[in-house]
Amino acid sequence: MATVSDERIASILAKKEDLGSAMAAPDLDPQEFVRLSKEYAEIEPVAEVAREVQELRSEKASLKEMVGDDDPEMRAMAEEELVSVNKALPLVERKLAVQLLPKDDADDKPAMLEVRAGTGGDEAALFAGDLLRMYQRFAELEGWRFEMISASASDVGGYKEAVASVQGKGVFAKLKFESGVHRVQRVPATESGGRIHTSAATVAVLPEAEEVDVQIDEKDLRIDVFRASGPGGQSVNTTDSAVRITHIPTGIVVSQQDEKSQHKNKAKALKVLRTRLYEHERAIADAERSGARKSMVGSGDRSERIRTYNFPQGRVTDHRINLTLHKLDAILEGSGLEELVEALIGEDEAQRLAGLEDEA
């Protein structure tokens, strides 16, 4: 495991003190105070763990000296305490190393969640609906806001495709490993013979971009308006309220027709377009980054099969980390998804820590 040096810990603690002093300076410019406050809020939890590591290392050094004491009672007490410190120190050191890993700038952003039915016809659409409800319930348990942007319902229930915006603290950091192909194995409600079918749905989780993240030039857009239509092609609107926006340089196309107002449809379409352009730029930057190492957890490629939901056996298997949980119902209800999410985050951290050791 990559170990944080005493010098690095001292510099972290010194930076926290310097920021605290700078914030207490009289006649500090309000904008500068906001900037310093943000830096202080970021370093404070790191400094807290760094201080804990420093104290445990100091205690370990003192106890090792006491183990050589002539007094048997003192020596026995030191040996007992040293066992406890030796157990606690690696855990706290790992926690600090994880906190110091390079952050994904998008981790704190809200996310755009896209779920689409894949192979399997009506059953795939029903499964896409199950996944969307799972994420909605998980979002509610996390205290996030879940807002539907657009949805194309299938004739038998579920969705051909659905897009939702999820807002809250650390949304993208928790959901980013959900991107990929989700496979279901179950007996469809429409299947009289009781045969198990396999179908799939794809999930894409994109960091939701703000206007400051992506600048869109109006001259790069082609905007078409048309009449919204419902299932089966029937007209649901008598005005040209649906909007299709094409970003000419990249060829990215976004359509929106869920709202009755053309203005609202355009605003939603631009929101989705901005997010897809942001992800497009991130993908280019990742590809260009020299020596970029692909995490074993997965690249977020929506064509990668990541998870199987097996109804007959009541199990869910994440293929990237070879984790099987026999709690399918709890996972689809949202409450059991936390265990999968935390396992994926933990594996990603372990891989990145191993990568730092390889580079050292």
# chains A, B, ... in the order shown; residues from 1 in each chain; ligands from 1

$ residues_around --residues "Val184 (chain A)" --least-positions-apart "3" --cutoff "7 Å" --atoms "only C-alpha atoms" --output "mmCIF file with N, CA and C atoms, in the first residue's frame"
data_model
loop_
_atom_site.group_PDB
_atom_site.id
_atom_site.type_symbol
_atom_site.label_atom_id
_atom_site.label_comp_id
_atom_site.auth_asym_id
_atom_site.auth_seq_id
_atom_site.Cartn_x
_atom_site.Cartn_y
_atom_site.Cartn_z
ATOM 1 N N THR A 198 -33.393 -14.497 -21.210
ATOM 2 C CA THR A 198 -32.333 -13.534 -20.916
ATOM 3 C C THR A 198 -32.542 -12.294 -21.776
ATOM 4 N N SER A 199 -32.585 -11.156 -21.136
ATOM 5 C CA SER A 199 -32.687 -9.891 -21.873
ATOM 6 C C SER A 199 -31.779 -8.872 -21.198
ATOM 7 N N ALA A 200 -31.689 -7.696 -21.779
ATOM 8 C CA ALA A 200 -30.716 -6.727 -21.274
ATOM 9 C C ALA A 200 -31.206 -5.286 -21.425
ATOM 10 N N THR A 308 -25.417 -9.176 -13.792
ATOM 11 C CA THR A 308 -26.527 -10.071 -14.112
ATOM 12 C C THR A 308 -27.472 -10.169 -12.916
ATOM 13 N N TYR A 309 -28.758 -10.041 -13.198
ATOM 14 C CA TYR A 309 -29.810 -10.145 -12.183
ATOM 15 C C TYR A 309 -30.543 -11.468 -12.459
ATOM 16 N N ASN A 310 -30.309 -12.477 -11.615
ATOM 17 C CA ASN A 310 -30.883 -13.800 -11.828
ATOM 18 C C ASN A 310 -32.052 -14.013 -10.864
#

$ residues_around --residues "Arg244 (chain A)" --least-positions-apart "6" --cutoff "12 Å" --atoms "only C-alpha atoms" --output "list of chain:residue names"
A:Leu221, A:Arg222, A:Ile223, A:Asp224, A:Val225, A:Phe226, A:Arg227, A:Ala228, A:Ile252, A:Val253, A:Val254, A:Ser255, A:Gln256, A:Gln257, A:Gln262, A:Asn265, A:Lys266, A:Ala267, A:Lys268, A:Ala269, A:Leu270, A:Val272, A:Leu273

$ atom_distance --atom1 "CA of Glu17 (chain A)" --atom2 "CA of Glu59 (chain A)"
22.9 Å

$ residues_around --residues "His197 (chain A)" --least-positions-apart "5" --cutoff "12 Å" --atoms "only C-alpha atoms" --output "ChimeraX atom specification"
/A:119-124,127,183-191,309-312

$ write_last_selection --atoms "all heavy atoms" --output "short mmCIF file (atom, residue, chain, number, x, y, z; two decimals), in the first residue's frame"
data_model
loop_
_atom_site.label_atom_id
_atom_site.label_comp_id
_atom_site.auth_asym_id
_atom_site.auth_seq_id
_atom_site.Cartn_x
_atom_site.Cartn_y
_atom_site.Cartn_z
N THR A 119 -31.50 -5.98 -25.96
CA THR A 119 -32.05 -7.19 -26.58
C THR A 119 -33.08 -7.82 -25.65
O THR A 119 -32.90 -7.85 -24.44
CB THR A 119 -30.93 -8.21 -26.84
OG1 THR A 119 -30.22 -8.45 -25.61
CG2 THR A 119 -29.95 -7.71 -27.88
N GLY A 120 -34.17 -8.31 -26.24
CA GLY A 120 -35.17 -8.99 -25.43
C GLY A 120 -36.58 -8.46 -25.59
O GLY A 120 -37.49 -8.90 -24.88
N GLY A 121 -36.78 -7.50 -26.49
CA GLY A 121 -38.14 -7.03 -26.79
C GLY A 121 -38.87 -6.44 -25.60
O GLY A 121 -38.31 -5.64 -24.85
N ASP A 122 -40.13 -6.89 -25.41
CA ASP A 122 -40.97 -6.35 -24.34
C ASP A 122 -40.34 -6.59 -22.96
O ASP A 122 -40.41 -5.73 -22.07
CB ASP A 122 -42.36 -7.00 -24.37
CG ASP A 122 -43.17 -6.56 -25.57
OD1 ASP A 122 -42.83 -5.51 -26.17
OD2 ASP A 122 -44.14 -7.26 -25.92
N GLU A 123 -39.73 -7.75 -22.77
CA GLU A 123 -39.13 -8.08 -21.48
C GLU A 123 -37.97 -7.13 -21.16
O GLU A 123 -37.77 -6.72 -20.01
CB GLU A 123 -38.64 -9.54 -21.51
CG GLU A 123 -37.86 -9.99 -20.28
CD GLU A 123 -38.65 -9.94 -18.98
OE1 GLU A 123 -39.88 -9.82 -19.01
OE2 GLU A 123 -37.99 -10.02 -17.91
N ALA A 124 -37.21 -6.72 -22.19
CA ALA A 124 -36.11 -5.78 -21.99
C ALA A 124 -36.64 -4.41 -21.54
O ALA A 124 -36.05 -3.74 -20.68
CB ALA A 124 -35.30 -5.63 -23.27
N PHE A 127 -37.63 -4.64 -17.94
CA PHE A 127 -36.42 -4.64 -17.11
C PHE A 127 -35.83 -3.23 -17.02
O PHE A 127 -35.36 -2.81 -15.95
CB PHE A 127 -35.40 -5.63 -17.67
CG PHE A 127 -34.11 -5.70 -16.90
CD1 PHE A 127 -34.10 -5.87 -15.53
CD2 PHE A 127 -32.89 -5.57 -17.56
CE1 PHE A 127 -32.91 -5.93 -14.81
CE2 PHE A 127 -31.69 -5.63 -16.86
CZ PHE A 127 -31.70 -5.81 -15.49
N ARG A 183 -27.87 -7.32 -17.39
CA ARG A 183 -28.55 -8.48 -17.97
C ARG A 183 -29.50 -9.08 -16.94
O ARG A 183 -29.17 -9.18 -15.75
CB ARG A 183 -27.51 -9.52 -18.39
CG ARG A 183 -28.06 -10.71 -19.15
CD ARG A 183 -26.94 -11.63 -19.59
NE ARG A 183 -26.26 -12.25 -18.44
CZ ARG A 183 -25.43 -13.27 -18.54
NH1 ARG A 183 -25.13 -13.77 -19.73
NH2 ARG A 183 -24.87 -13.78 -17.46
N VAL A 184 -30.69 -9.49 -17.39
CA VAL A 184 -31.66 -10.12 -16.48
C VAL A 184 -32.00 -11.52 -16.99
O VAL A 184 -32.12 -11.75 -18.20
CB VAL A 184 -32.95 -9.27 -16.35
CG1 VAL A 184 -33.69 -9.14 -17.67
CG2 VAL A 184 -33.88 -9.84 -15.28
N GLN A 185 -32.12 -12.44 -16.04
CA GLN A 185 -32.53 -13.82 -16.35
C GLN A 185 -33.76 -14.12 -15.51
O GLN A 185 -33.68 -14.19 -14.28
CB GLN A 185 -31.40 -14.81 -16.03
CG GLN A 185 -30.18 -14.61 -16.91
CD GLN A 185 -28.98 -15.41 -16.45
OE1 GLN A 185 -28.79 -15.65 -15.27
NE2 GLN A 185 -28.13 -15.80 -17.40
N ARG A 186 -34.92 -14.27 -16.17
CA ARG A 186 -36.16 -14.55 -15.45
C ARG A 186 -37.23 -15.08 -16.41
O ARG A 186 -37.09 -14.99 -17.62
CB ARG A 186 -36.68 -13.31 -14.72
CG ARG A 186 -37.10 -12.16 -15.63
CD ARG A 186 -37.52 -10.96 -14.78
NE ARG A 186 -37.78 -9.78 -15.60
CZ ARG A 186 -38.00 -8.56 -15.09
NH1 ARG A 186 -37.97 -8.38 -13.78
NH2 ARG A 186 -38.23 -7.54 -15.88
N VAL A 187 -38.31 -15.58 -15.82
CA VAL A 187 -39.46 -16.05 -16.61
C VAL A 187 -40.36 -14.84 -16.85
O VAL A 187 -40.88 -14.26 -15.89
CB VAL A 187 -40.24 -17.15 -15.87
CG1 VAL A 187 -41.46 -17.58 -16.69
CG2 VAL A 187 -39.35 -18.34 -15.55
N PRO A 188 -40.54 -14.41 -18.10
CA PRO A 188 -41.40 -13.25 -18.37
C PRO A 188 -42.84 -13.51 -17.96
O PRO A 188 -43.32 -14.65 -18.00
CB PRO A 188 -41.29 -13.07 -19.89
CG PRO A 188 -40.07 -13.83 -20.29
CD PRO A 188 -39.95 -14.96 -19.33
N ALA A 189 -43.54 -12.44 -17.56
CA ALA A 189 -44.94 -12.57 -17.16
C ALA A 189 -45.79 -13.06 -18.32
O ALA A 189 -46.83 -13.70 -18.13
CB ALA A 189 -45.46 -11.21 -16.68
N THR A 190 -45.34 -12.81 -19.54
CA THR A 190 -46.11 -13.20 -20.74
C THR A 190 -45.77 -14.61 -21.21
O THR A 190 -46.35 -15.09 -22.18
CB THR A 190 -45.80 -12.22 -21.90
OG1 THR A 190 -44.37 -12.17 -22.09
CG2 THR A 190 -46.29 -10.82 -21.58
N GLU A 191 -44.86 -15.28 -20.53
CA GLU A 191 -44.40 -16.61 -20.96
C GLU A 191 -45.17 -17.70 -20.22
O GLU A 191 -45.01 -17.89 -19.01
CB GLU A 191 -42.89 -16.74 -20.67
CG GLU A 191 -42.30 -18.11 -20.93
CD GLU A 191 -42.41 -18.54 -22.38
OE1 GLU A 191 -41.95 -17.79 -23.28
OE2 GLU A 191 -42.97 -19.62 -22.62
N TYR A 309 -28.76 -10.04 -13.20
CA TYR A 309 -29.81 -10.14 -12.18
C TYR A 309 -30.54 -11.47 -12.46
O TYR A 309 -31.28 -11.58 -13.43
CB TYR A 309 -30.79 -8.98 -12.30
CG TYR A 309 -30.15 -7.60 -12.15
CD1 TYR A 309 -29.34 -7.08 -13.18
CD2 TYR A 309 -30.34 -6.83 -11.01
CE1 TYR A 309 -28.75 -5.82 -13.06
CE2 TYR A 309 -29.76 -5.57 -10.89
CZ TYR A 309 -28.96 -5.08 -11.91
OH TYR A 309 -28.39 -3.83 -11.79
N ASN A 310 -30.31 -12.48 -11.61
CA ASN A 310 -30.88 -13.80 -11.83
C ASN A 310 -32.05 -14.01 -10.86
O ASN A 310 -31.85 -14.19 -9.66
CB ASN A 310 -29.81 -14.87 -11.62
CG ASN A 310 -30.30 -16.27 -11.94
OD1 ASN A 310 -31.16 -16.79 -11.23
ND2 ASN A 310 -29.76 -16.87 -12.99
N PHE A 311 -33.28 -13.97 -11.41
CA PHE A 311 -34.48 -14.07 -10.58
C PHE A 311 -34.69 -15.47 -9.99
O PHE A 311 -35.02 -15.58 -8.80
CB PHE A 311 -35.71 -13.62 -11.37
CG PHE A 311 -35.93 -12.14 -11.33
CD1 PHE A 311 -35.05 -11.27 -11.97
CD2 PHE A 311 -37.01 -11.59 -10.66
CE1 PHE A 311 -35.23 -9.90 -11.92
CE2 PHE A 311 -37.21 -10.21 -10.60
CZ PHE A 311 -36.33 -9.37 -11.24
N PRO A 312 -34.53 -16.57 -10.77
CA PRO A 312 -34.75 -17.90 -10.19
C PRO A 312 -33.90 -18.16 -8.96
O PRO A 312 -34.35 -18.82 -8.01
CB PRO A 312 -34.38 -18.85 -11.34
CG PRO A 312 -34.62 -18.06 -12.58
CD PRO A 312 -34.22 -16.66 -12.22
#

$ select_by_dssp --residues "region 47-271 of chain A" --states "strand (DSSP E)" --output "count of residues only"
60

$ residues_around --residues "region 37-39 of chain A" --least-positions-apart "6" --cutoff "9 Å" --atoms "only C-alpha atoms" --output "PyMOL selection string"
chain A and resi 16+19-20+23

$ write_last_selection --atoms "N, CA and C atoms" --output "CSV table (one decimal), in the first residue's frame"
chain,number,residue,atom,x,y,z
A,16,LYS,N,-3.3,23.6,6.4
A,16,LYS,CA,-4.6,23.9,7.1
A,16,LYS,C,-4.4,25.1,8.0
A,19,LEU,N,-4.2,28.3,6.0
A,19,LEU,CA,-5.5,28.8,5.5
A,19,LEU,C,-6.4,29.4,6.6
A,20,GLY,N,-6.3,28.7,7.8
A,20,GLY,CA,-7.1,29.2,8.9
A,20,GLY,C,-6.6,30.6,9.3
A,23,MET,N,-7.8,33.2,6.6
A,23,MET,CA,-9.2,33.5,6.7
A,23,MET,C,-9.5,34.4,7.9

$ residues_around --residues "Ala14 (chain A)" --least-positions-apart "5" --cutoff "12 Å" --atoms "only C-alpha atoms" --output "VMD selection string"
chain A and resid 7 to 9 19 to 21 40 43 to 44 47 50 to 51

$ write_last_selection --atoms "N, CA, C and O atoms" --output "PDB file, in the first residue's frame"
ATOM      1  N   GLU A   7       6.706  13.832   6.024  1.00  0.00           N
ATOM      2  CA  GLU A   7       6.866  15.183   5.458  1.00  0.00           C
ATOM      3  C   GLU A   7       5.575  15.652   4.791  1.00  0.00           C
ATOM      4  O   GLU A   7       5.176  16.807   4.940  1.00  0.00           O
ATOM      5  N   ARG A   8       4.930  14.731   4.072  1.00  0.00           N
ATOM      6  CA  ARG A   8       3.664  15.086   3.406  1.00  0.00           C
ATOM      7  C   ARG A   8       2.592  15.417   4.444  1.00  0.00           C
ATOM      8  O   ARG A   8       1.806  16.348   4.273  1.00  0.00           O
ATOM      9  N   ILE A   9       2.556  14.646   5.518  1.00  0.00           N
ATOM     10  CA  ILE A   9       1.575  14.891   6.580  1.00  0.00           C
ATOM     11  C   ILE A   9       1.817  16.259   7.216  1.00  0.00           C
ATOM     12  O   ILE A   9       0.881  17.030   7.441  1.00  0.00           O
ATOM     13  N   LEU A  19      -4.204  28.342   6.014  1.00  0.00           N
ATOM     14  CA  LEU A  19      -5.509  28.757   5.493  1.00  0.00           C
ATOM     15  C   LEU A  19      -6.372  29.353   6.604  1.00  0.00           C
ATOM     16  O   LEU A  19      -7.062  30.346   6.408  1.00  0.00           O
ATOM     17  N   GLY A  20      -6.311  28.722   7.791  1.00  0.00           N
ATOM     18  CA  GLY A  20      -7.073  29.238   8.935  1.00  0.00           C
ATOM     19  C   GLY A  20      -6.627  30.642   9.306  1.00  0.00           C
ATOM     20  O   GLY A  20      -7.461  31.524   9.572  1.00  0.00           O
ATOM     21  N   SER A  21      -5.329  30.878   9.293  1.00  0.00           N
ATOM     22  CA  SER A  21      -4.787  32.210   9.616  1.00  0.00           C
ATOM     23  C   SER A  21      -5.182  33.231   8.554  1.00  0.00           C
ATOM     24  O   SER A  21      -5.548  34.368   8.872  1.00  0.00           O
ATOM     25  N   TYR A  40     -10.281  25.447   2.576  1.00  0.00           N
ATOM     26  CA  TYR A  40     -10.221  24.965   3.962  1.00  0.00           C
ATOM     27  C   TYR A  40     -11.171  23.781   4.155  1.00  0.00           C
ATOM     28  O   TYR A  40     -10.808  22.787   4.803  1.00  0.00           O
ATOM     29  N   ILE A  43      -9.545  20.670   2.709  1.00  0.00           N
ATOM     30  CA  ILE A  43      -8.371  20.103   3.380  1.00  0.00           C
ATOM     31  C   ILE A  43      -8.660  19.659   4.820  1.00  0.00           C
ATOM     32  O   ILE A  43      -7.967  18.800   5.363  1.00  0.00           O
ATOM     33  N   GLU A  44      -9.717  20.209   5.432  1.00  0.00           N
ATOM     34  CA  GLU A  44      -9.983  19.913   6.853  1.00  0.00           C
ATOM     35  C   GLU A  44     -10.163  18.415   7.135  1.00  0.00           C
ATOM     36  O   GLU A  44      -9.515  17.882   8.045  1.00  0.00           O
ATOM     37  N   ALA A  47      -6.803  16.717   6.776  1.00  0.00           N
ATOM     38  CA  ALA A  47      -5.901  17.066   7.880  1.00  0.00           C
ATOM     39  C   ALA A  47      -6.262  16.305   9.155  1.00  0.00           C
ATOM     40  O   ALA A  47      -5.382  15.916   9.934  1.00  0.00           O
ATOM     41  N   ALA A  50      -4.822  12.936   8.715  1.00  0.00           N
ATOM     42  CA  ALA A  50      -3.359  13.075   8.752  1.00  0.00           C
ATOM     43  C   ALA A  50      -2.866  13.224  10.192  1.00  0.00           C
ATOM     44  O   ALA A  50      -1.850  12.627  10.578  1.00  0.00           O
ATOM     45  N   ARG A  51      -3.600  14.010  10.987  1.00  0.00           N
ATOM     46  CA  ARG A  51      -3.248  14.196  12.399  1.00  0.00           C
ATOM     47  C   ARG A  51      -3.346  12.866  13.150  1.00  0.00           C
ATOM     48  O   ARG A  51      -2.482  12.542  13.982  1.00  0.00           O
TER      49      ARG A  51
END

$ closest_residue --among "A:Thr324, A:His247, A:Ala283, A:Gly118" --to "Val203 (chain A)" --atoms "only C-alpha atoms"
A:Gly118

$ closest_residue --among "A:His263, A:Lys103, A:Arg57, A:Arg145" --to "Gly168 (chain A)" --atoms "only C-alpha atoms"
A:Arg145

$ atom_distance --atom1 "CA of His182 (chain A)" --atom2 "CA of Val115 (chain A)"
9.9 Å

$ residues_around --residues "Ser154 (chain A)" --least-positions-apart "2" --cutoff "9 Å" --atoms "only C-alpha atoms" --output "PyMOL selection string"
chain A and resi 122+125-126+152+156-161+231

$ select_by_dssp --residues "region 202-283 of chain A" --states "alpha helix (DSSP H)" --output "list in words"
Gln262, His263, Lys264, Asn265, Lys266, Ala267, Lys268, Ala269, Leu270, Lys271, Val272, Leu273, Arg274, Thr275, Arg276, Leu277, Tyr278, Glu279, His280, Glu281, Arg282 and Ala283 of chain A

$ write_last_selection --atoms "N, CA, C and O atoms" --output "compact mmCIF listing (two decimals), in the first residue's frame"
# COMPACT_ATOMS: atom_id res chain seq x y z
N GLN A 262 -42.66 24.55 -26.34
CA GLN A 262 -41.45 24.45 -27.15
C GLN A 262 -40.25 25.00 -26.38
O GLN A 262 -39.15 24.44 -26.44
N HIS A 263 -40.49 26.08 -25.63
CA HIS A 263 -39.41 26.71 -24.85
C HIS A 263 -38.85 25.74 -23.81
O HIS A 263 -37.63 25.60 -23.65
N LYS A 264 -39.76 25.01 -23.10
CA LYS A 264 -39.30 24.06 -22.07
C LYS A 264 -38.59 22.88 -22.71
O LYS A 264 -37.60 22.37 -22.18
N ASN A 265 -39.10 22.41 -23.85
CA ASN A 265 -38.45 21.30 -24.54
C ASN A 265 -37.05 21.68 -25.00
O ASN A 265 -36.11 20.89 -24.91
N LYS A 266 -36.91 22.92 -25.48
CA LYS A 266 -35.59 23.38 -25.93
C LYS A 266 -34.62 23.46 -24.76
O LYS A 266 -33.46 23.05 -24.87
N ALA A 267 -35.11 23.97 -23.60
CA ALA A 267 -34.25 24.09 -22.42
C ALA A 267 -33.77 22.71 -21.95
O ALA A 267 -32.60 22.51 -21.61
N LYS A 268 -34.68 21.73 -21.94
CA LYS A 268 -34.31 20.37 -21.52
C LYS A 268 -33.34 19.74 -22.52
O LYS A 268 -32.38 19.07 -22.13
N ALA A 269 -33.60 19.95 -23.82
CA ALA A 269 -32.72 19.39 -24.85
C ALA A 269 -31.31 19.96 -24.74
O ALA A 269 -30.32 19.24 -24.89
N LEU A 270 -31.22 21.26 -24.47
CA LEU A 270 -29.90 21.89 -24.31
C LEU A 270 -29.17 21.34 -23.09
O LEU A 270 -27.95 21.19 -23.10
N LYS A 271 -29.93 21.04 -22.02
CA LYS A 271 -29.35 20.48 -20.81
C LYS A 271 -28.72 19.11 -21.11
O LYS A 271 -27.59 18.82 -20.70
N VAL A 272 -29.47 18.28 -21.84
CA VAL A 272 -28.96 16.96 -22.22
C VAL A 272 -27.77 17.09 -23.17
O VAL A 272 -26.76 16.41 -23.03
N LEU A 273 -27.88 18.01 -24.14
CA LEU A 273 -26.79 18.22 -25.10
C LEU A 273 -25.52 18.67 -24.40
O LEU A 273 -24.42 18.17 -24.68
N ARG A 274 -25.66 19.59 -23.46
CA ARG A 274 -24.50 20.09 -22.72
C ARG A 274 -23.80 18.95 -21.99
O ARG A 274 -22.56 18.84 -21.97
N THR A 275 -24.59 18.07 -21.38
CA THR A 275 -24.03 16.93 -20.65
C THR A 275 -23.30 15.97 -21.59
O THR A 275 -22.21 15.48 -21.29
N ARG A 276 -23.90 15.70 -22.76
CA ARG A 276 -23.25 14.77 -23.70
C ARG A 276 -21.98 15.37 -24.30
O ARG A 276 -21.02 14.65 -24.56
N LEU A 277 -21.97 16.68 -24.51
CA LEU A 277 -20.76 17.34 -25.02
C LEU A 277 -19.66 17.31 -23.96
O LEU A 277 -18.48 17.12 -24.28
N TYR A 278 -20.05 17.50 -22.71
CA TYR A 278 -19.08 17.46 -21.60
C TYR A 278 -18.44 16.08 -21.51
O TYR A 278 -17.22 15.94 -21.38
N GLU A 279 -19.27 15.03 -21.64
CA GLU A 279 -18.76 13.66 -21.61
C GLU A 279 -17.88 13.39 -22.82
O GLU A 279 -16.85 12.70 -22.73
N HIS A 280 -18.26 13.94 -23.97
CA HIS A 280 -17.47 13.80 -25.20
C HIS A 280 -16.07 14.40 -25.00
O HIS A 280 -15.06 13.78 -25.36
N GLU A 281 -16.01 15.58 -24.37
CA GLU A 281 -14.72 16.24 -24.12
C GLU A 281 -13.89 15.46 -23.10
O GLU A 281 -12.67 15.35 -23.22
N ARG A 282 -14.57 14.91 -22.07
CA ARG A 282 -13.87 14.11 -21.06
C ARG A 282 -13.26 12.86 -21.69
O ARG A 282 -12.14 12.47 -21.36
N ALA A 283 -14.00 12.23 -22.61
CA ALA A 283 -13.52 11.01 -23.27
C ALA A 283 -12.27 11.30 -24.10
O ALA A 283 -11.31 10.53 -24.11

$ residues_around --residues "Pro110 (chain A)" --least-positions-apart "6" --cutoff "7 Å" --atoms "only C-alpha atoms" --output "list in words"
Val166, Gln167, Gly168, Val171, Phe172, Pro207 and Glu208 of chain A

$ write_last_selection --atoms "all heavy atoms" --output "PDB file, in the first residue's frame"
ATOM      1  N   VAL A 166     -30.265  13.458 -11.829  1.00  0.00           N
ATOM      2  CA  VAL A 166     -30.151  13.131 -10.406  1.00  0.00           C
ATOM      3  C   VAL A 166     -29.229  14.165  -9.761  1.00  0.00           C
ATOM      4  O   VAL A 166     -28.078  14.310 -10.154  1.00  0.00           O
ATOM      5  CB  VAL A 166     -29.582  11.710 -10.192  1.00  0.00           C
ATOM      6  CG1 VAL A 166     -29.677  11.323  -8.721  1.00  0.00           C
ATOM      7  CG2 VAL A 166     -30.308  10.692 -11.064  1.00  0.00           C
ATOM      8  N   GLN A 167     -29.757  14.898  -8.771  1.00  0.00           N
ATOM      9  CA  GLN A 167     -29.001  15.976  -8.157  1.00  0.00           C
ATOM     10  C   GLN A 167     -28.843  15.750  -6.665  1.00  0.00           C
ATOM     11  O   GLN A 167     -29.774  15.301  -5.993  1.00  0.00           O
ATOM     12  CB  GLN A 167     -29.717  17.316  -8.397  1.00  0.00           C
ATOM     13  CG  GLN A 167     -30.056  17.530  -9.851  1.00  0.00           C
ATOM     14  CD  GLN A 167     -29.844  18.956 -10.298  1.00  0.00           C
ATOM     15  OE1 GLN A 167     -29.305  19.782  -9.578  1.00  0.00           O
ATOM     16  NE2 GLN A 167     -30.288  19.249 -11.509  1.00  0.00           N
ATOM     17  N   GLY A 168     -27.674  16.060  -6.154  1.00  0.00           N
ATOM     18  CA  GLY A 168     -27.395  15.897  -4.734  1.00  0.00           C
ATOM     19  C   GLY A 168     -25.905  15.798  -4.509  1.00  0.00           C
ATOM     20  O   GLY A 168     -25.105  15.961  -5.423  1.00  0.00           O
ATOM     21  N   VAL A 171     -23.287  12.653  -6.293  1.00  0.00           N
ATOM     22  CA  VAL A 171     -24.107  11.775  -7.135  1.00  0.00           C
ATOM     23  C   VAL A 171     -23.260  11.002  -8.146  1.00  0.00           C
ATOM     24  O   VAL A 171     -23.312   9.773  -8.211  1.00  0.00           O
ATOM     25  CB  VAL A 171     -25.210  12.584  -7.870  1.00  0.00           C
ATOM     26  CG1 VAL A 171     -25.887  11.720  -8.932  1.00  0.00           C
ATOM     27  CG2 VAL A 171     -26.252  13.082  -6.888  1.00  0.00           C
ATOM     28  N   PHE A 172     -22.467  11.713  -8.938  1.00  0.00           N
ATOM     29  CA  PHE A 172     -21.701  11.034  -9.995  1.00  0.00           C
ATOM     30  C   PHE A 172     -20.687  10.063  -9.399  1.00  0.00           C
ATOM     31  O   PHE A 172     -20.470   8.972  -9.933  1.00  0.00           O
ATOM     32  CB  PHE A 172     -21.008  12.042 -10.901  1.00  0.00           C
ATOM     33  CG  PHE A 172     -20.290  11.391 -12.070  1.00  0.00           C
ATOM     34  CD1 PHE A 172     -21.008  10.792 -13.089  1.00  0.00           C
ATOM     35  CD2 PHE A 172     -18.907  11.376 -12.143  1.00  0.00           C
ATOM     36  CE1 PHE A 172     -20.363  10.167 -14.157  1.00  0.00           C
ATOM     37  CE2 PHE A 172     -18.254  10.756 -13.206  1.00  0.00           C
ATOM     38  CZ  PHE A 172     -18.990  10.149 -14.216  1.00  0.00           C
ATOM     39  N   PRO A 207     -21.761  12.786 -16.083  1.00  0.00           N
ATOM     40  CA  PRO A 207     -21.762  13.955 -15.193  1.00  0.00           C
ATOM     41  C   PRO A 207     -22.528  15.096 -15.853  1.00  0.00           C
ATOM     42  O   PRO A 207     -22.310  15.397 -17.022  1.00  0.00           O
ATOM     43  CB  PRO A 207     -20.274  14.299 -15.039  1.00  0.00           C
ATOM     44  CG  PRO A 207     -19.608  13.675 -16.222  1.00  0.00           C
ATOM     45  CD  PRO A 207     -20.419  12.485 -16.601  1.00  0.00           C
ATOM     46  N   GLU A 208     -23.456  15.668 -15.104  1.00  0.00           N
ATOM     47  CA  GLU A 208     -24.294  16.722 -15.679  1.00  0.00           C
ATOM     48  C   GLU A 208     -23.516  18.032 -15.735  1.00  0.00           C
ATOM     49  O   GLU A 208     -23.001  18.510 -14.726  1.00  0.00           O
ATOM     50  CB  GLU A 208     -25.556  16.898 -14.831  1.00  0.00           C
ATOM     51  CG  GLU A 208     -26.666  17.641 -15.533  1.00  0.00           C
ATOM     52  CD  GLU A 208     -27.964  17.593 -14.758  1.00  0.00           C
ATOM     53  OE1 GLU A 208     -28.506  16.491 -14.580  1.00  0.00           O
ATOM     54  OE2 GLU A 208     -28.418  18.660 -14.324  1.00  0.00           O
TER      55      GLU A 208
END

$ atom_distance --atom1 "CA of Ala76 (chain A)" --atom2 "CA of Lys64 (chain A)"
11.5 Å
